[in-house]
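Heads up, final21.csv below (CSV, C-alpha atoms and all ligand atoms):
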chain,number,residue,atom,x,y,z
A,230,MET,CA,10.7,-13.8,-21.6
A,231,PRO,CA,7.9,-11.5,-22.7
A,232,THR,CA,8.0,-7.8,-22.1
A,233,ILE,CA,5.3,-6.5,-19.9
A,234,ASN,CA,4.5,-2.8,-20.0
A,235,PHE,CA,2.9,-1.1,-17.1
A,236,THR,CA,3.1,2.2,-15.3
A,237,VAL,CA,4.8,2.3,-11.9
A,238,ASN,CA,4.5,5.5,-9.9
A,239,GLY,CA,3.6,7.5,-13.0
A,240,LYS,CA,6.4,6.1,-15.2
A,241,LEU,CA,5.9,3.7,-18.1
A,242,THR,CA,8.0,0.7,-17.1
A,243,PRO,CA,8.7,-2.2,-19.5
A,244,ILE,CA,10.1,-5.3,-17.8
A,245,ASP,CA,11.1,-8.6,-19.1
A,246,SER,CA,9.5,-11.2,-16.8
A,247,ASP,CA,7.8,-14.5,-16.6
A,248,PRO,CA,4.1,-13.4,-16.5
A,249,ASP,CA,3.5,-15.5,-13.4
A,250,THR,CA,6.1,-13.7,-11.3
A,251,PRO,CA,4.4,-12.0,-8.4
A,252,LEU,CA,4.2,-8.3,-8.8
A,253,LEU,CA,5.9,-7.9,-5.4
A,254,TRP,CA,9.2,-9.5,-6.6
A,255,VAL,CA,9.2,-7.4,-9.8
A,256,LEU,CA,8.8,-4.3,-7.6
A,257,ARG,CA,11.4,-5.2,-5.0
A,258,ASP,CA,14.0,-7.2,-7.0
A,259,THR,CA,13.8,-5.8,-10.5
A,260,LEU,CA,12.7,-2.2,-9.8
A,261,GLN,CA,14.4,-1.9,-6.4
A,262,LEU,CA,11.2,-0.4,-4.9
A,263,THR,CA,11.9,-2.0,-1.5
A,264,GLY,CA,9.3,0.0,0.4
A,265,THR,CA,6.8,-2.7,-0.3
A,266,LYS,CA,7.4,-5.5,2.1
A,267,TYR,CA,7.2,-9.3,2.0
A,268,GLY,CA,5.4,-10.7,5.0
A,269,CYS,CA,3.5,-13.9,4.5
A,270,GLY,CA,3.4,-14.4,0.7
A,271,MET,CA,-0.2,-15.7,1.0
A,272,ALA,CA,-2.4,-12.6,1.0
A,273,LEU,CA,-2.8,-12.9,4.8
A,274,CYS,CA,-0.8,-9.9,6.2
A,275,GLY,CA,-1.1,-6.9,3.9
A,276,ALA,CA,2.6,-6.0,4.1
A,277,CYS,CA,2.9,-6.1,0.3
A,278,THR,CA,-0.1,-3.9,-0.4
A,279,VAL,CA,0.2,-1.6,-3.5
A,280,HIS,CA,-2.4,0.1,-5.6
A,281,LEU,CA,-3.4,-1.3,-9.0
A,282,GLU,CA,-5.6,1.2,-10.8
A,283,GLY,CA,-6.1,2.8,-7.4
A,284,GLU,CA,-7.4,-0.4,-5.7
A,285,PRO,CA,-5.3,-1.9,-2.9
A,286,VAL,CA,-4.0,-5.4,-4.0
A,287,ARG,CA,-1.7,-7.9,-2.3
A,288,SER,CA,1.3,-7.9,-4.6
A,289,CYS,CA,2.6,-11.2,-3.2
A,290,VAL,CA,-0.2,-13.1,-4.9
A,291,THR,CA,-0.8,-10.8,-7.9
A,292,PRO,CA,1.0,-12.1,-11.1
A,293,VAL,CA,2.8,-9.3,-12.8
A,294,SER,CA,0.8,-10.1,-16.0
A,295,VAL,CA,-2.3,-8.7,-14.2
A,296,ALA,CA,-0.7,-5.3,-14.2
A,297,ALA,CA,0.0,-5.2,-17.9
A,298,GLY,CA,-1.2,-1.9,-19.4
A,299,LYS,CA,-2.3,-0.7,-15.9
A,300,LYS,CA,-1.1,1.7,-13.3
A,301,VAL,CA,0.7,0.6,-10.1
A,302,ALA,CA,1.5,2.8,-7.2
A,303,THR,CA,3.8,1.9,-4.4
A,304,ILE,CA,4.6,3.6,-1.1
A,305,GLU,CA,7.5,5.4,-2.9
A,306,GLY,CA,5.1,7.0,-5.4
A,307,VAL,CA,1.8,7.2,-3.6
A,308,GLY,CA,2.2,10.9,-3.6
A,309,GLN,CA,2.8,14.1,-1.6
A,310,ALA,CA,-0.5,15.7,-2.2
A,311,GLY,CA,-4.1,15.2,-1.4
A,312,VAL,CA,-5.2,12.1,0.5
A,313,ALA,CA,-1.7,10.6,0.5
A,314,LYS,CA,-0.2,13.7,2.1
A,315,ALA,CA,-2.9,13.9,4.7
A,316,VAL,CA,-2.4,10.2,5.6
A,317,GLN,CA,1.4,10.6,5.9
A,318,THR,CA,1.1,13.8,7.9
A,319,ALA,CA,-1.4,12.2,10.3
A,320,TRP,CA,0.9,9.1,10.6
A,321,ARG,CA,3.8,11.3,11.6
A,322,ARG,CA,1.8,13.6,13.9
A,323,LEU,CA,0.4,10.7,15.8
A,324,ASP,CA,3.6,8.8,15.7
A,325,VAL,CA,1.8,5.7,14.4
A,326,VAL,CA,4.9,3.7,13.5
A,327,GLN,CA,6.5,1.2,15.8
A,328,CYS,CA,8.9,-1.2,14.0
A,329,GLY,CA,7.6,0.0,10.7
A,330,TYR,CA,7.5,-3.3,8.8
A,331,CYS,CA,3.8,-3.3,8.1
A,332,GLN,CA,3.4,0.4,7.7
A,333,SER,CA,3.8,0.9,4.0
A,334,GLY,CA,1.0,-1.6,3.5
A,335,GLN,CA,-1.1,0.1,6.2
A,336,ILE,CA,-0.6,3.5,4.5
A,337,MET,CA,-1.5,2.1,1.1
A,338,SER,CA,-4.7,0.6,2.4
A,339,ALA,CA,-5.6,3.8,4.4
A,340,VAL,CA,-5.1,6.0,1.3
A,341,ALA,CA,-7.3,3.7,-0.8
A,342,LEU,CA,-10.0,3.9,1.9
A,343,LEU,CA,-9.9,7.7,2.1
A,344,GLU,CA,-9.9,8.1,-1.7
A,345,LYS,CA,-13.3,6.4,-1.7
A,346,ASN,CA,-14.7,7.4,1.7
A,347,ARG,CA,-13.8,10.8,3.2
A,348,LYS,CA,-15.8,10.2,6.3
A,349,PRO,CA,-15.1,6.7,7.4
A,350,THR,CA,-16.6,5.4,10.6
A,351,ASP,CA,-14.7,3.1,13.0
A,352,ALA,CA,-16.4,0.2,11.4
A,353,ASP,CA,-15.5,1.4,7.9
A,354,ILE,CA,-11.9,1.7,9.0
A,355,ASP,CA,-11.8,-1.7,10.7
A,356,GLY,CA,-13.3,-3.3,7.6
A,357,ALA,CA,-10.9,-1.6,5.1
A,358,MET,CA,-7.9,-2.3,7.3
A,359,SER,CA,-8.7,-5.8,8.5
A,360,GLY,CA,-6.4,-7.4,6.0
A,361,ASN,CA,-3.3,-5.4,7.3
A,362,LEU,CA,-1.8,-7.1,10.3
A,363,CYS,CA,0.6,-5.3,12.7
A,364,ARG,CA,2.7,-7.4,15.0
A,365,CYS,CA,3.4,-4.3,17.0
A,366,ALA,CA,-0.3,-3.7,17.5
A,367,THR,CA,-0.5,-0.1,16.3
A,368,TYR,CA,-4.1,-0.5,15.4
A,369,VAL,CA,-5.5,2.1,17.8
A,370,ARG,CA,-3.1,4.8,16.4
A,371,ILE,CA,-3.8,3.7,12.8
A,372,ARG,CA,-7.5,4.3,13.4
A,373,ALA,CA,-6.9,7.6,15.0
A,374,ALA,CA,-4.6,8.7,12.2
A,375,ILE,CA,-7.1,7.8,9.6
A,376,HIS,CA,-9.8,9.9,11.4
A,377,GLU,CA,-7.3,12.8,11.7
A,378,ALA,CA,-6.4,12.5,8.0
A,379,ALA,CA,-10.1,12.5,7.1
A,380,GLN,CA,-10.7,15.6,9.2
A,381,SER,CA,-7.8,17.4,7.6
A,382,LEU,CA,-9.3,16.7,4.2
A,383,ALA,CA,-12.9,17.9,5.1
B,1,LIG,S1,3.1,-10.6,2.0
B,1,LIG,FE1,1.4,-10.2,0.8
B,1,LIG,S2,-0.2,-10.3,2.1
B,1,LIG,FE2,1.5,-10.9,3.3
B,2,LIG,S1,4.7,-1.4,13.2
B,2,LIG,FE1,5.7,-3.3,13.6
B,2,LIG,S2,4.5,-4.7,12.5
B,2,LIG,FE2,3.4,-2.9,12.4
Using the file provided, produce a representation of the structure as structure tokens.
Amino acid sequence: MPTINFTVNGKLTPIDSDPDTPLLWVLRDTLQLTGTKYGCGMALCGACTVHLEGEPVRSCVTPVSVAAGKKVATIEGVGQAGVAKAVQTAWRRLDVVQCGYCQSGQIMSAVALLEKNRKPTDADIDGAMSGNLCRCATYVRIRAAIHEAAQSLA
């Protein structure tokens, strides 16, 4: 199997893998980064969202070969500073999480949104978050937490 080199959470990470293996399984099974969840496996739910070069991607349908030579960030390494810290603080303060299963994907999408847009409207938030489903329906608190995080960064 070929060796694929990519950076995961700031660390150069060579892995031996079939290039077609979904990034999600390399993260969860090979690297034990189990904060990224498997939901649908079809790019429909957003539970598996990670950042690839800062962009949110669905790791369940992203072959690991796409990440070669690139930077991947997961919920474990998204950071404790700047936007990531503001999002996580707002999430805790507003008690967003219910069962929690979708929430690492939600946070990754929220961080990616606020990295690009520090003053999102409700419509901006709904657009950016529309691919992240929550069976516990925490959508109202998610939107409020994104607004709160944005205000704390202003
Ligand atoms: S598990 Fe990837 S989008 Fe649902
Ligand atoms: S908090 Fe339960 S699925 Fe979103």
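For ligand LIG 2 (chain B), the protein and nucleic acid residues at most 6 Å away, judged by all atoms listed in the file, amount to A:Val326, A:Gln327, A:Cys328, A:Gly329, A:Tyr330, A:Cys331, A:Gln332, A:Cys363, A:Arg364, A:Cys365.
The residues sitting within 10 Å of ligand LIG 1 (chain B), with all atoms listed in the file considered, come out as Pro251, Leu253, Thr265, Lys266, Tyr267, Gly268, Cys269, Gly270, Met271, Ala272, Leu273, Cys274, Gly275, Ala276, Cys277, Thr278, Val279, Val286, Arg287, Ser288, Cys289, Val290, Thr291, Cys331, Gly334, Gly360, Asn361 and Leu362 of chain A.
The spacing separating atom CA of Lys300 of chain A from atom CA of Thr263 of chain A amounts to 17.9 Å.
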Using all atoms listed in the file, the best pick from A:Thr367, A:Thr259, A:Thr232, A:Thr250 as closest to Leu323 of chain A would be A:Thr367
Set out as JSON lines a contact list for segment 258-315 of chain A and segment 235-238 of chain A with a cut-off of 12 Å, giving each residue of segment 258-315 of chain A that qualifies its closest atom pair and distance in Å to one decimal, counting only C-alpha atoms, ordered by chain and rising residue number.
{"residue": "A:Leu260", "atom": "CA", "partner": "A:Val237", "partner_atom": "CA", "distance": 9.3}
{"residue": "A:Gln261", "atom": "CA", "partner": "A:Val237", "partner_atom": "CA", "distance": 11.8}
{"residue": "A:Leu262", "atom": "CA", "partner": "A:Val237", "partner_atom": "CA", "distance": 9.9}
{"residue": "A:Val279", "atom": "CA", "partner": "A:Val237", "partner_atom": "CA", "distance": 10.3}
{"residue": "A:His280", "atom": "CA", "partner": "A:Asn238", "partner_atom": "CA", "distance": 9.8}
{"residue": "A:Leu281", "atom": "CA", "partner": "A:Val237", "partner_atom": "CA", "distance": 9.4}
{"residue": "A:Glu282", "atom": "CA", "partner": "A:Thr236", "partner_atom": "CA", "distance": 9.8}
{"residue": "A:Gly283", "atom": "CA", "partner": "A:Asn238", "partner_atom": "CA", "distance": 11.2}
{"residue": "A:Val293", "atom": "CA", "partner": "A:Phe235", "partner_atom": "CA", "distance": 9.3}
{"residue": "A:Ser294", "atom": "CA", "partner": "A:Phe235", "partner_atom": "CA", "distance": 9.3}
{"residue": "A:Val295", "atom": "CA", "partner": "A:Phe235", "partner_atom": "CA", "distance": 9.7}
{"residue": "A:Ala296", "atom": "CA", "partner": "A:Phe235", "partner_atom": "CA", "distance": 6.2}
{"residue": "A:Ala297", "atom": "CA", "partner": "A:Phe235", "partner_atom": "CA", "distance": 5.1}
{"residue": "A:Gly298", "atom": "CA", "partner": "A:Phe235", "partner_atom": "CA", "distance": 4.8}
{"residue": "A:Lys299", "atom": "CA", "partner": "A:Phe235", "partner_atom": "CA", "distance": 5.4}
{"residue": "A:Lys300", "atom": "CA", "partner": "A:Thr236", "partner_atom": "CA", "distance": 4.7}
{"residue": "A:Val301", "atom": "CA", "partner": "A:Val237", "partner_atom": "CA", "distance": 4.8}
{"residue": "A:Ala302", "atom": "CA", "partner": "A:Asn238", "partner_atom": "CA", "distance": 4.9}
{"residue": "A:Thr303", "atom": "CA", "partner": "A:Asn238", "partner_atom": "CA", "distance": 6.6}
{"residue": "A:Ile304", "atom": "CA", "partner": "A:Asn238", "partner_atom": "CA", "distance": 9.0}
{"residue": "A:Glu305", "atom": "CA", "partner": "A:Asn238", "partner_atom": "CA", "distance": 7.6}
{"residue": "A:Gly306", "atom": "CA", "partner": "A:Asn238", "partner_atom": "CA", "distance": 4.8}
{"residue": "A:Val307", "atom": "CA", "partner": "A:Asn238", "partner_atom": "CA", "distance": 7.1}
{"residue": "A:Gly308", "atom": "CA", "partner": "A:Asn238", "partner_atom": "CA", "distance": 8.6}
Could you tell me which of A:Val255, A:Asp324, A:Val316, A:Gln335 comes closest to His376 of chain A if we count all atoms listed in the file? A:Val316
Write out as an NGL selection string each polymer residue whose atoms come within 9 Å of Glu344 of chain A, counting all atoms listed in the file; drop sequence neighbours fewer than 3 positions from it. :A and (283 or 312-313 or 339-341 or 347)
So, counting only C-alpha atoms, which residue among A:Ile233, A:Leu252, A:Ala315, A:Leu343 is closest to Ala378 of chain A? A:Ala315
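Computed from the coordinates, the atom CA of Leu342 of chain A to atom CA of Thr242 of chain A distance equals 26.4 Å.
As for atom CA of Ile336 of chain A and atom CA of Ile375 of chain A, they are spaced 9.3 Å apart.
Across A:Gly239, A:Gln380, A:Ala357, A:Ser333, the tightest approach to Glu284 of chain A is made by A:Ala357 when counting all atoms listed in the file.
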